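**Q** Contents are mmCIF, C-alpha atoms; file name query_11.cif:
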```cif
data_upload
#
loop_
_atom_site.group_PDB
_atom_site.id
_atom_site.type_symbol
_atom_site.label_atom_id
_atom_site.label_comp_id
_atom_site.auth_asym_id
_atom_site.auth_seq_id
_atom_site.Cartn_x
_atom_site.Cartn_y
_atom_site.Cartn_z
ATOM 1 C CA MET J 1 81.281 109.815 117.301
ATOM 2 C CA LEU J 2 84.916 110.165 116.243
ATOM 3 C CA ASP J 3 85.305 112.219 113.077
ATOM 4 C CA LEU J 4 88.726 111.007 112.012
ATOM 5 C CA ALA J 5 90.830 107.916 112.707
ATOM 6 C CA ILE J 6 94.447 108.447 111.665
ATOM 7 C CA VAL J 7 96.677 105.431 111.042
ATOM 8 C CA ILE J 8 100.422 105.976 110.689
ATOM 9 C CA VAL J 9 102.658 103.031 109.789
ATOM 10 C CA ASN J 10 106.243 103.530 110.924
ATOM 11 C CA TYR J 11 109.433 101.687 110.069
ATOM 12 C CA ASN J 12 112.696 103.132 111.383
ATOM 13 C CA THR J 13 111.725 106.765 110.734
ATOM 14 C CA ARG J 14 111.701 108.037 114.321
ATOM 15 C CA GLU J 15 112.726 111.637 113.654
ATOM 16 C CA LEU J 16 110.345 112.059 110.738
ATOM 17 C CA LEU J 17 107.581 110.422 112.761
ATOM 18 C CA ARG J 18 108.181 112.921 115.556
ATOM 19 C CA ALA J 19 107.833 115.847 113.144
ATOM 20 C CA CYS J 20 104.735 114.286 111.578
ATOM 21 C CA LEU J 21 103.010 113.802 114.926
ATOM 22 C CA ARG J 22 103.861 117.343 116.003
ATOM 23 C CA SER J 23 102.193 118.651 112.857
ATOM 24 C CA VAL J 24 99.143 116.424 113.391
ATOM 25 C CA TYR J 25 98.671 117.566 116.978
ATOM 26 C CA ALA J 26 99.052 121.194 115.922
ATOM 27 C CA SER J 27 96.003 120.806 113.685
ATOM 28 C CA GLN J 28 93.279 123.412 113.933
ATOM 29 C CA GLY J 29 89.562 122.980 113.370
ATOM 30 C CA ASP J 30 86.317 121.832 114.928
ATOM 31 C CA PHE J 31 86.606 118.073 114.571
ATOM 32 C CA SER J 32 87.596 115.102 116.706
ATOM 33 C CA TYR J 33 90.451 112.773 115.811
ATOM 34 C CA HIS J 34 92.627 110.045 117.232
ATOM 35 C CA VAL J 35 96.013 108.735 116.113
ATOM 36 C CA THR J 36 97.219 105.139 116.036
ATOM 37 C CA VAL J 37 100.853 104.452 115.196
ATOM 38 C CA VAL J 38 101.552 100.911 114.037
ATOM 39 C CA ASP J 39 105.259 100.190 114.236
ATOM 40 C CA ASN J 40 106.586 97.582 111.810
ATOM 41 C CA ALA J 41 109.303 96.139 114.085
ATOM 42 C CA SER J 42 111.530 99.248 113.993
ATOM 43 C CA GLN J 43 114.957 99.179 115.605
ATOM 44 C CA ASP J 44 115.353 102.920 116.244
ATOM 45 C CA ASP J 45 113.311 103.275 119.467
ATOM 46 C CA SER J 46 110.352 104.767 117.593
ATOM 47 C CA VAL J 47 107.875 103.082 119.931
ATOM 48 C CA ALA J 48 109.541 104.490 123.046
ATOM 49 C CA MET J 49 109.646 107.962 121.467
ATOM 50 C CA VAL J 50 105.920 107.969 120.709
ATOM 51 C CA ARG J 51 104.996 106.643 124.135
ATOM 52 C CA GLY J 52 107.193 109.193 125.845
ATOM 53 C CA GLU J 53 106.392 112.292 123.791
ATOM 54 C CA PHE J 54 102.879 111.632 122.467
ATOM 55 C CA PRO J 55 100.988 109.743 125.188
ATOM 56 C CA GLN J 56 97.667 110.723 123.570
ATOM 57 C CA ALA J 57 98.491 108.475 120.605
ATOM 58 C CA ARG J 58 97.942 104.736 120.605
ATOM 59 C CA VAL J 59 101.031 102.709 119.693
ATOM 60 C CA ILE J 60 100.736 99.166 118.394
ATOM 61 C CA PRO J 61 104.048 97.333 117.925
ATOM 62 C CA ALA J 62 103.490 94.850 115.103
ATOM 63 C CA PRO J 63 104.942 91.386 115.807
ATOM 64 C CA LYS J 64 106.791 91.505 112.474
ATOM 65 C CA ASN J 65 107.459 93.776 109.534
ATOM 66 C CA GLY J 66 104.564 92.488 107.504
ATOM 67 C CA GLY J 67 104.454 95.410 105.107
ATOM 68 C CA PHE J 68 102.406 98.553 104.598
ATOM 69 C CA ALA J 69 99.010 96.972 103.969
ATOM 70 C CA TYR J 70 99.459 94.513 106.842
ATOM 71 C CA ALA J 71 100.279 97.262 109.350
ATOM 72 C CA ASN J 72 97.580 99.647 108.136
ATOM 73 C CA ASN J 73 95.007 96.902 108.524
ATOM 74 C CA ILE J 74 96.110 96.430 112.130
ATOM 75 C CA GLY J 75 95.462 100.118 112.721
ATOM 76 C CA LEU J 76 92.144 100.157 110.879
ATOM 77 C CA ARG J 77 90.908 97.120 112.800
ATOM 78 C CA ALA J 78 91.807 98.898 116.044
ATOM 79 C CA TYR J 79 89.093 101.423 115.143
ATOM 80 C CA GLY J 80 86.587 98.703 114.251
ATOM 81 C CA PHE J 81 86.888 98.808 110.459
ATOM 82 C CA GLY J 82 86.563 95.595 108.520
ATOM 83 C CA GLN J 83 84.711 93.756 111.283
ATOM 84 C CA ASN J 84 81.077 94.130 110.181
ATOM 85 C CA LYS J 85 80.289 96.671 112.869
ATOM 86 C CA PRO J 86 77.361 99.097 112.462
ATOM 87 C CA LEU J 87 78.511 102.218 110.609
ATOM 88 C CA ALA J 88 77.397 104.432 113.480
ATOM 89 C CA GLU J 89 80.021 102.781 115.691
ATOM 90 C CA LEU J 90 82.880 103.625 113.330
ATOM 91 C CA PRO J 91 84.801 106.891 112.860
ATOM 92 C CA ARG J 92 83.332 108.912 110.002
ATOM 93 C CA TYR J 93 86.641 108.904 108.129
ATOM 94 C CA ALA J 94 89.924 107.023 108.153
ATOM 95 C CA LEU J 95 93.214 108.585 107.100
ATOM 96 C CA LEU J 96 96.277 106.659 106.006
ATOM 97 C CA LEU J 97 99.193 108.971 106.736
ATOM 98 C CA ASN J 98 102.892 108.376 106.178
ATOM 99 C CA PRO J 99 105.332 109.278 108.963
ATOM 100 C CA ASP J 100 107.399 111.215 106.422
ATOM 101 C CA THR J 101 104.660 113.815 105.886
ATOM 102 C CA GLU J 102 104.113 117.154 107.607
ATOM 103 C CA LEU J 103 100.723 118.840 107.714
ATOM 104 C CA PRO J 104 99.840 122.533 107.697
ATOM 105 C CA ALA J 105 97.623 123.440 110.636
ATOM 106 C CA THR J 106 94.375 123.536 108.642
ATOM 107 C CA ALA J 107 95.040 120.596 106.307
ATOM 108 C CA LEU J 108 92.897 118.041 108.116
ATOM 109 C CA ALA J 109 89.994 120.452 108.650
ATOM 110 C CA GLU J 110 90.003 121.456 104.977
ATOM 111 C CA MET J 111 90.105 117.880 103.736
ATOM 112 C CA LEU J 112 87.261 116.887 106.054
ATOM 113 C CA ALA J 113 85.234 119.901 104.878
ATOM 114 C CA LEU J 114 85.711 118.761 101.289
ATOM 115 C CA MET J 115 84.476 115.253 102.068
ATOM 116 C CA ASP J 116 81.515 116.556 104.074
ATOM 117 C CA ALA J 117 80.507 118.833 101.200
ATOM 118 C CA ARG J 118 80.853 116.098 98.570
ATOM 119 C CA PRO J 119 78.988 112.969 99.745
ATOM 120 C CA GLU J 120 79.752 111.170 96.467
ATOM 121 C CA LEU J 121 83.468 111.113 97.292
ATOM 122 C CA GLY J 122 84.743 107.854 98.730
ATOM 123 C CA ALA J 123 88.330 109.038 99.087
ATOM 124 C CA SER J 124 90.467 112.109 98.512
ATOM 125 C CA GLY J 125 93.999 113.383 98.777
ATOM 126 C CA PRO J 126 95.828 116.728 98.775
ATOM 127 C CA ARG J 127 98.699 118.037 96.699
ATOM 128 C CA LEU J 128 101.910 116.460 98.020
ATOM 129 C CA ILE J 129 105.096 118.465 97.628
ATOM 130 C CA LEU J 130 108.589 116.951 97.778
ATOM 131 C CA PRO J 131 111.476 118.611 99.663
ATOM 132 C CA ASP J 132 112.772 120.180 96.433
ATOM 133 C CA GLY J 133 109.397 121.805 95.751
ATOM 134 C CA ARG J 134 108.315 119.447 92.986
ATOM 135 C CA LEU J 135 104.966 117.693 92.933
ATOM 136 C CA ASP J 136 104.915 114.125 94.200
ATOM 137 C CA LYS J 137 103.409 112.683 91.035
ATOM 138 C CA ALA J 138 101.900 109.752 92.916
ATOM 139 C CA CYS J 139 99.360 112.027 94.621
ATOM 140 C CA ARG J 140 97.100 111.979 91.532
ATOM 141 C CA ARG J 141 97.067 108.968 89.254
ATOM 142 C CA ALA J 142 95.128 106.956 86.752
ATOM 143 C CA PHE J 143 95.080 103.206 87.166
ATOM 144 C CA PRO J 144 98.095 101.602 85.460
ATOM 145 C CA SER J 145 96.355 100.157 82.425
ATOM 146 C CA PRO J 146 98.145 97.661 80.166
ATOM 147 C CA MET J 147 98.857 100.391 77.621
ATOM 148 C CA SER J 148 100.194 102.790 80.251
ATOM 149 C CA PHE J 149 102.698 100.076 81.189
ATOM 150 C CA VAL J 150 103.750 99.985 77.546
ATOM 151 C CA TYR J 151 104.045 103.774 77.283
ATOM 152 C CA ARG J 152 106.133 103.960 80.455
ATOM 153 C CA GLY J 153 108.274 101.007 79.414
ATOM 154 C CA LEU J 154 109.056 102.679 76.080
ATOM 155 C CA GLY J 155 109.809 105.987 77.785
ATOM 156 C CA LEU J 156 106.971 107.782 75.992
ATOM 157 C CA SER J 157 105.530 109.201 79.223
ATOM 158 C CA LYS J 158 108.819 111.042 79.827
ATOM 159 C CA LEU J 159 109.235 112.144 76.216
ATOM 160 C CA PHE J 160 105.675 113.467 76.019
ATOM 161 C CA PRO J 161 104.700 114.487 79.594
ATOM 162 C CA HIS J 162 101.919 116.785 78.341
ATOM 163 C CA HIS J 163 100.258 114.274 76.045
ATOM 164 C CA PRO J 164 96.971 112.927 77.495
ATOM 165 C CA ARG J 165 97.578 109.446 76.082
ATOM 166 C CA PHE J 166 101.240 108.899 76.878
ATOM 167 C CA ALA J 167 101.119 110.713 80.245
ATOM 168 C CA GLN J 168 97.853 109.158 81.374
ATOM 169 C CA TYR J 169 99.250 107.414 84.470
ATOM 170 C CA ASN J 170 100.652 110.422 86.378
ATOM 171 C CA LEU J 171 98.313 112.945 84.704
ATOM 172 C CA THR J 172 101.250 115.275 84.030
ATOM 173 C CA TYR J 173 99.267 116.892 81.218
ATOM 174 C CA LEU J 174 97.070 118.558 83.864
ATOM 175 C CA PRO J 175 98.107 121.654 85.869
ATOM 176 C CA GLU J 176 99.195 120.822 89.426
ATOM 177 C CA ASP J 177 96.601 123.177 90.892
ATOM 178 C CA GLN J 178 93.643 121.729 88.988
ATOM 179 C CA GLU J 179 91.054 119.964 91.110
ATOM 180 C CA THR J 180 89.964 116.796 89.405
ATOM 181 C CA GLU J 181 88.480 113.364 89.798
ATOM 182 C CA VAL J 182 91.231 110.744 89.632
ATOM 183 C CA ASP J 183 91.513 106.998 89.768
ATOM 184 C CA SER J 184 93.745 107.072 92.829
ATOM 185 C CA VAL J 185 95.507 109.261 95.336
ATOM 186 C CA VAL J 186 98.523 108.027 97.269
ATOM 187 C CA GLY J 187 98.612 106.075 100.528
ATOM 188 C CA ALA J 188 100.939 108.686 102.032
ATOM 189 C CA PHE J 189 97.763 110.761 102.615
ATOM 190 C CA MET J 190 94.597 108.914 101.713
ATOM 191 C CA LEU J 191 91.376 110.065 103.361
ATOM 192 C CA VAL J 192 88.587 107.488 103.067
ATOM 193 C CA ARG J 193 84.915 107.699 103.999
ATOM 194 C CA ARG J 194 83.814 104.901 106.338
ATOM 195 C CA GLU J 195 80.999 103.805 104.019
ATOM 196 C CA ALA J 196 83.449 103.469 101.131
ATOM 197 C CA LEU J 197 85.973 101.661 103.313
ATOM 198 C CA GLU J 198 83.440 99.142 104.506
ATOM 199 C CA ALA J 199 82.177 98.591 100.970
ATOM 200 C CA ALA J 200 85.672 98.027 99.558
ATOM 201 C CA GLY J 201 87.120 96.136 102.509
ATOM 202 C CA LEU J 202 90.548 96.462 104.078
ATOM 203 C CA LEU J 203 93.833 96.700 102.204
ATOM 204 C CA ASP J 204 95.032 93.652 100.279
ATOM 205 C CA GLU J 205 98.012 92.200 102.151
ATOM 206 C CA ALA J 206 99.257 90.485 98.991
ATOM 207 C CA PHE J 207 100.938 93.862 98.441
ATOM 208 C CA PHE J 208 103.892 94.146 100.819
ATOM 209 C CA MET J 209 104.802 97.698 99.914
ATOM 210 C CA TYR J 210 103.545 99.843 97.014
ATOM 211 C CA GLY J 211 100.432 99.189 94.948
ATOM 212 C CA GLU J 212 98.094 98.605 97.864
ATOM 213 C CA ASP J 213 96.734 102.148 97.587
ATOM 214 C CA LEU J 214 96.034 101.715 93.870
ATOM 215 C CA ASP J 215 94.299 98.412 94.538
ATOM 216 C CA TRP J 216 92.246 99.965 97.350
ATOM 217 C CA ALA J 217 91.242 102.871 95.126
ATOM 218 C CA PHE J 218 90.294 100.399 92.396
ATOM 219 C CA ARG J 219 87.942 98.602 94.756
ATOM 220 C CA ILE J 220 86.535 101.856 96.165
ATOM 221 C CA LYS J 221 85.643 102.973 92.644
ATOM 222 C CA GLN J 222 84.227 99.537 91.843
ATOM 223 C CA ALA J 223 81.895 100.071 94.804
ATOM 224 C CA GLY J 224 80.535 103.206 93.125
ATOM 225 C CA TRP J 225 82.500 105.995 94.824
ATOM 226 C CA LYS J 226 84.513 108.849 93.345
ATOM 227 C CA ILE J 227 88.087 109.768 94.283
ATOM 228 C CA TRP J 228 89.206 113.393 94.290
ATOM 229 C CA TYR J 229 92.524 115.247 94.023
ATOM 230 C CA TYR J 230 92.311 118.456 96.082
ATOM 231 C CA PRO J 231 95.348 120.682 95.440
ATOM 232 C CA LYS J 232 94.077 123.589 97.564
ATOM 233 C CA VAL J 233 95.495 121.641 100.503
ATOM 234 C CA VAL J 234 99.266 121.161 100.371
ATOM 235 C CA VAL J 235 101.111 118.516 102.412
ATOM 236 C CA TYR J 236 104.886 118.084 102.534
ATOM 237 C CA HIS J 237 106.304 114.642 101.790
ATOM 238 C CA HIS J 238 109.855 113.463 102.524
ATOM 239 C CA LYS J 239 109.279 110.602 100.125
ATOM 240 C CA GLY J 240 111.076 107.275 100.388
ATOM 241 C CA ALA J 241 112.602 107.884 103.805
ATOM 242 C CA ALA J 242 112.135 104.284 104.905
ATOM 243 C CA SER J 243 112.916 102.651 101.573
ATOM 244 C CA ARG J 244 115.522 104.721 99.723
ATOM 245 C CA GLY J 245 118.331 102.488 98.482
ATOM 246 C CA ASN J 246 116.636 99.443 99.964
ATOM 247 C CA VAL J 247 116.856 96.288 97.835
ATOM 248 C CA ARG J 248 113.832 94.736 99.527
ATOM 249 C CA ALA J 249 111.763 97.847 98.825
ATOM 250 C CA ARG J 250 112.699 97.885 95.139
ATOM 251 C CA ARG J 251 111.845 94.202 94.839
ATOM 252 C CA ALA J 252 108.511 94.897 96.542
ATOM 253 C CA PHE J 253 107.778 97.679 94.055
ATOM 254 C CA TYR J 254 108.002 95.391 91.030
ATOM 255 C CA HIS J 255 106.202 92.603 92.844
ATOM 256 C CA ALA J 256 103.350 95.035 93.501
ATOM 257 C CA MET J 257 103.199 95.930 89.825
ATOM 258 C CA SER J 258 102.904 92.290 88.830
ATOM 259 C CA VAL J 259 100.273 91.586 91.501
ATOM 260 C CA PHE J 260 98.154 94.540 90.350
ATOM 261 C CA VAL J 261 98.306 93.551 86.669
ATOM 262 C CA ARG J 262 97.556 89.903 87.433
ATOM 263 C CA LYS J 263 94.689 90.777 89.780
ATOM 264 C CA HIS J 264 92.916 93.400 87.686
ATOM 265 C CA TYR J 265 93.918 92.974 84.041
ATOM 266 C CA LYS J 266 94.834 89.364 83.308
ATOM 267 C CA GLU J 267 91.348 88.252 82.310
ATOM 268 C CA GLU J 268 90.679 91.216 80.011
ATOM 269 C CA THR J 269 94.111 91.574 78.372
ATOM 270 C CA HIS J 270 95.206 89.689 75.265
ATOM 271 C CA PRO J 271 97.555 86.872 76.357
ATOM 272 C CA LEU J 272 100.391 88.162 74.171
ATOM 273 C CA LEU J 273 100.186 91.706 75.547
ATOM 274 C CA TYR J 274 99.814 90.352 79.085
ATOM 275 C CA GLY J 275 102.920 88.214 78.628
ATOM 276 C CA ILE J 276 104.903 91.160 77.260
ATOM 277 C CA ILE J 277 103.889 93.354 80.179
ATOM 278 C CA MET J 278 104.750 90.744 82.800
ATOM 279 C CA ALA J 279 108.073 90.001 81.106
ATOM 280 C CA GLY J 280 108.828 93.726 80.955
ATOM 281 C CA ILE J 281 108.096 94.119 84.675
ATOM 282 C CA ALA J 282 110.339 91.148 85.466
ATOM 283 C CA LEU J 283 113.201 92.431 83.303
ATOM 284 C CA LYS J 284 113.062 96.007 84.521
ATOM 285 C CA GLY J 285 112.699 94.805 88.106
ATOM 286 C CA THR J 286 115.740 92.553 87.817
ATOM 287 C CA LEU J 287 117.866 95.371 86.409
ATOM 288 C CA ASP J 288 116.656 97.913 88.984
ATOM 289 C CA VAL J 289 117.070 95.588 91.971
ATOM 290 C CA GLY J 290 120.509 94.578 90.740
ATOM 291 C CA TRP J 291 121.584 98.199 90.348
ATOM 292 C CA THR J 292 120.253 99.061 93.814
ATOM 293 C CA TRP J 293 122.175 96.142 95.293
ATOM 294 C CA LEU J 294 125.396 97.249 93.577
ATOM 295 C CA GLN J 295 124.981 100.809 94.835
ATOM 296 C CA ALA J 296 124.412 99.544 98.372
ATOM 297 C CA ARG J 297 127.531 97.374 98.151
ATOM 298 C CA ARG J 298 129.594 100.329 96.931
ATOM 299 C CA MET J 299 128.450 102.409 99.873
ATOM 300 C CA GLU J 300 129.362 99.628 102.298
ATOM 301 C CA VAL J 301 132.826 99.223 100.766
ATOM 302 C CA GLY J 302 133.393 102.957 100.832
ATOM 303 C CA ARG J 303 132.734 103.262 104.553
#
```
Starting from the file, give its structure as structure tokens.

**A**
Amino acid sequence: MLDLAIVIVNYNTRELLRACLRSVYASQGDFSYHVTVVDNASQDDSVAMVRGEFPQARVIPAPKNGGFAYANNIGLRAYGFGQNKPLAELPRYALLLNPDTELPATALAEMLALMDARPELGASGPRLILPDGRLDKACRRAFPSPMSFVYRGLGLSKLFPHHPRFAQYNLTYLPEDQETEVDSVVGAFMLVRREALEAAGLLDEAFFMYGEDLDWAFRIKQAGWKIWYYPKVVVYHHKGAASRGNVRARRAFYHAMSVFVRKHYKEETHPLLYGIIMAGIALKGTLDVGWTWLQARRMEVGR
């Protein structure tokens, strides 16, 4: 029985992917694992690099760049998930891992030990640290409730980062090193128990990029499982390597927000508040995407 199936979705991040795979294969501990890299139609020879330098990994070139959820589902299906197979035929755990992460040698063993010791946990994630040493706030989150959208839209979460109400989404009122149950960890490192995965189903491909991890966590918790933030394990995250300054990525971010709200909150939210939230997402998204496009144009002109 395979203990851990690791799925890494890559898009034009060859050098980061190389460093990530080196850290994965330097892992220590008494457990079995296998890596599948799903490449989302990269143009930087990532596939050739993996095949040449990491022959023990499976590489699946996706026929198109169908997004994060789409590619992760390809990898998960390659291990038998989501196909009604007997649980005993599946790896005990699946790990979604970004190519822009680097793992300490004992990270995987420690995370697996946590899950083995806590059978009520359906998913977990470590503390993710950005290159400048700050916490990647996405690694421990509450679900984005209608009111949290309002607080963030009004800037209250930034003005009062230690207030439990206004800072409820990123949980910034909690110490970084505090273990705690959360609504969601981040898809950059999301360890999921096979029973929870099969109960929740695969990722929702309506999300192209962003939001699919929140939606998955939502469904995992709906199925009766807990999700845990485990800061004793630290993973390094070069966040946004494949999407920084990318107009399509920014558009996908706001699309994901609207999909999540429509999918999970439309029926239970007052129509007026729902309309305000959706209009706010549309307005902020338009301004952000427009600004990103202008910045990209300036860089092109300046070359």

**Q** Contacts of region 213-218 of chain J at 7 Å or less, counting all atoms listed in the file, minus same-chain residues fewer than 3 places along, as a list in words?

**A** Phe143, Asp183, Ser184, Val186, Gly187, Leu203, Lys221, Gln222 and Phe260 of chain J

**Q** So what do you get for CA of Arg14 (chain J) versus CA of Asp45 (chain J), distance-wise?

**A**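 Distance reported for this atom pair: 7.2 Å.
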
**Q** Please compute the CA of Ala167 (chain J)-CA of Asp100 (chain J) distance, one decimal, in Å.

**A**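 Interatomic distance here is 26.9 Å.
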
**Q** Write out as a PyMOL selection string which residues come within 12 Å of Leu87 (chain J) when counting all atoms listed in the file, dropping same-chain ones fewer than 6 positions away.

**A** chain J and resi 1-2+79-81+93+193-199

**Q** Restricting the output to C-alpha atoms, write the selected residues as a compact mmCIF listing (two decimals), in the frame of the given file.

**A**
```txt
# COMPACT_ATOMS: atom_id res chain seq x y z
CA MET J 1 81.28 109.82 117.30
CA LEU J 2 84.92 110.16 116.24
CA TYR J 79 89.09 101.42 115.14
CA GLY J 80 86.59 98.70 114.25
CA PHE J 81 86.89 98.81 110.46
CA TYR J 93 86.64 108.90 108.13
CA ARG J 193 84.92 107.70 104.00
CA ARG J 194 83.81 104.90 106.34
CA GLU J 195 81.00 103.80 104.02
CA ALA J 196 83.45 103.47 101.13
CA LEU J 197 85.97 101.66 103.31
CA GLU J 198 83.44 99.14 104.51
CA ALA J 199 82.18 98.59 100.97
```

**Q** Skipping near chain neighbours, those fewer than 4 positions away, what residues fall within 8 Å of Phe189 (chain J) using only C-alpha atoms, listed as an MDAnalysis selection string?

**A** chainID J and resid 95:98 125:126 185

**Q** For a quick check of understanding, using all atoms listed in the file, which of J:Asp3, J:Glu176, J:Glu267, J:Glu110 has the smallest distance to Arg140 (chain J)?

**A**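 Among the listed residues, the smallest separation from Arg140 (chain J) belongs to J:Glu176.
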
**Q** Using the incomplete input, complete region 103-126 of chain J to the level of N, CA and C atoms; output as a PDB file, in the frame of the given file.

**A**
```
ATOM      1  N   LEU J 103     101.996 118.222 108.059  1.00  0.00           N
ATOM      2  CA  LEU J 103     100.723 118.840 107.714  1.00  0.00           C
ATOM      3  C   LEU J 103     100.675 120.306 108.124  1.00  0.00           C
ATOM      4  N   PRO J 104     100.199 121.187 107.260  1.00  0.00           N
ATOM      5  CA  PRO J 104      99.840 122.533 107.697  1.00  0.00           C
ATOM      6  C   PRO J 104      98.702 122.454 108.707  1.00  0.00           C
ATOM      7  N   ALA J 105      98.555 123.486 109.507  1.00  0.00           N
ATOM      8  CA  ALA J 105      97.623 123.440 110.636  1.00  0.00           C
ATOM      9  C   ALA J 105      96.176 123.185 110.216  1.00  0.00           C
ATOM     10  N   THR J 106      95.783 123.667 109.049  1.00  0.00           N
ATOM     11  CA  THR J 106      94.375 123.536 108.642  1.00  0.00           C
ATOM     12  C   THR J 106      94.142 122.407 107.640  1.00  0.00           C
ATOM     13  N   ALA J 107      95.167 121.610 107.356  1.00  0.00           N
ATOM     14  CA  ALA J 107      95.040 120.596 106.307  1.00  0.00           C
ATOM     15  C   ALA J 107      93.928 119.596 106.598  1.00  0.00           C
ATOM     16  N   LEU J 108      93.903 119.054 107.793  1.00  0.00           N
ATOM     17  CA  LEU J 108      92.897 118.041 108.116  1.00  0.00           C
ATOM     18  C   LEU J 108      91.492 118.633 108.069  1.00  0.00           C
ATOM     19  N   ALA J 109      91.315 119.817 108.643  1.00  0.00           N
ATOM     20  CA  ALA J 109      89.994 120.452 108.650  1.00  0.00           C
ATOM     21  C   ALA J 109      89.506 120.717 107.230  1.00  0.00           C
ATOM     22  N   GLU J 110      90.398 121.160 106.357  1.00  0.00           N
ATOM     23  CA  GLU J 110      90.003 121.456 104.977  1.00  0.00           C
ATOM     24  C   GLU J 110      89.656 120.189 104.210  1.00  0.00           C
ATOM     25  N   MET J 111      90.415 119.128 104.433  1.00  0.00           N
ATOM     26  CA  MET J 111      90.105 117.880 103.736  1.00  0.00           C
ATOM     27  C   MET J 111      88.783 117.290 104.220  1.00  0.00           C
ATOM     28  N   LEU J 112      88.531 117.375 105.521  1.00  0.00           N
ATOM     29  CA  LEU J 112      87.261 116.887 106.054  1.00  0.00           C
ATOM     30  C   LEU J 112      86.092 117.713 105.525  1.00  0.00           C
ATOM     31  N   ALA J 113      86.290 119.036 105.410  1.00  0.00           N
ATOM     32  CA  ALA J 113      85.234 119.901 104.878  1.00  0.00           C
ATOM     33  C   ALA J 113      84.909 119.533 103.434  1.00  0.00           C
ATOM     34  N   LEU J 114      85.945 119.209 102.664  1.00  0.00           N
ATOM     35  CA  LEU J 114      85.711 118.761 101.289  1.00  0.00           C
ATOM     36  C   LEU J 114      84.849 117.509 101.266  1.00  0.00           C
ATOM     37  N   MET J 115      85.213 116.518 102.072  1.00  0.00           N
ATOM     38  CA  MET J 115      84.476 115.253 102.068  1.00  0.00           C
ATOM     39  C   MET J 115      83.047 115.443 102.571  1.00  0.00           C
ATOM     40  N   ASP J 116      82.864 116.301 103.567  1.00  0.00           N
ATOM     41  CA  ASP J 116      81.515 116.556 104.074  1.00  0.00           C
ATOM     42  C   ASP J 116      80.637 117.230 103.025  1.00  0.00           C
ATOM     43  N   ALA J 117      81.265 118.098 102.216  1.00  0.00           N
ATOM     44  CA  ALA J 117      80.507 118.833 101.200  1.00  0.00           C
ATOM     45  C   ALA J 117      80.236 118.006  99.957  1.00  0.00           C
ATOM     46  N   ARG J 118      80.976 116.907  99.786  1.00  0.00           N
ATOM     47  CA  ARG J 118      80.853 116.098  98.570  1.00  0.00           C
ATOM     48  C   ARG J 118      80.561 114.648  98.959  1.00  0.00           C
ATOM     49  N   PRO J 119      79.316 114.319  99.257  1.00  0.00           N
ATOM     50  CA  PRO J 119      78.988 112.969  99.745  1.00  0.00           C
ATOM     51  C   PRO J 119      79.238 111.855  98.737  1.00  0.00           C
ATOM     52  N   GLU J 120      79.470 112.203  97.465  1.00  0.00           N
ATOM     53  CA  GLU J 120      79.752 111.170  96.467  1.00  0.00           C
ATOM     54  C   GLU J 120      81.212 110.726  96.478  1.00  0.00           C
ATOM     55  N   LEU J 121      82.048 111.445  97.251  1.00  0.00           N
ATOM     56  CA  LEU J 121      83.468 111.113  97.292  1.00  0.00           C
ATOM     57  C   LEU J 121      83.729 109.995  98.299  1.00  0.00           C
ATOM     58  N   GLY J 122      84.364 108.930  97.830  1.00  0.00           N
ATOM     59  CA  GLY J 122      84.743 107.854  98.730  1.00  0.00           C
ATOM     60  C   GLY J 122      86.111 108.063  99.327  1.00  0.00           C
ATOM     61  N   ALA J 123      86.973 108.785  98.603  1.00  0.00           N
ATOM     62  CA  ALA J 123      88.330 109.038  99.087  1.00  0.00           C
ATOM     63  C   ALA J 123      88.856 110.303  98.429  1.00  0.00           C
ATOM     64  N   SER J 124      89.862 110.897  99.061  1.00  0.00           N
ATOM     65  CA  SER J 124      90.467 112.109  98.512  1.00  0.00           C
ATOM     66  C   SER J 124      91.887 112.240  99.025  1.00  0.00           C
ATOM     67  N   GLY J 125      92.627 113.116  98.362  1.00  0.00           N
ATOM     68  CA  GLY J 125      93.999 113.383  98.777  1.00  0.00           C
ATOM     69  C   GLY J 125      94.406 114.781  98.367  1.00  0.00           C
ATOM     70  N   PRO J 126      95.366 115.376  99.068  1.00  0.00           N
ATOM     71  CA  PRO J 126      95.828 116.728  98.775  1.00  0.00           C
ATOM     72  C   PRO J 126      96.959 116.729  97.761  1.00  0.00           C
TER      73      PRO J 126
END
```
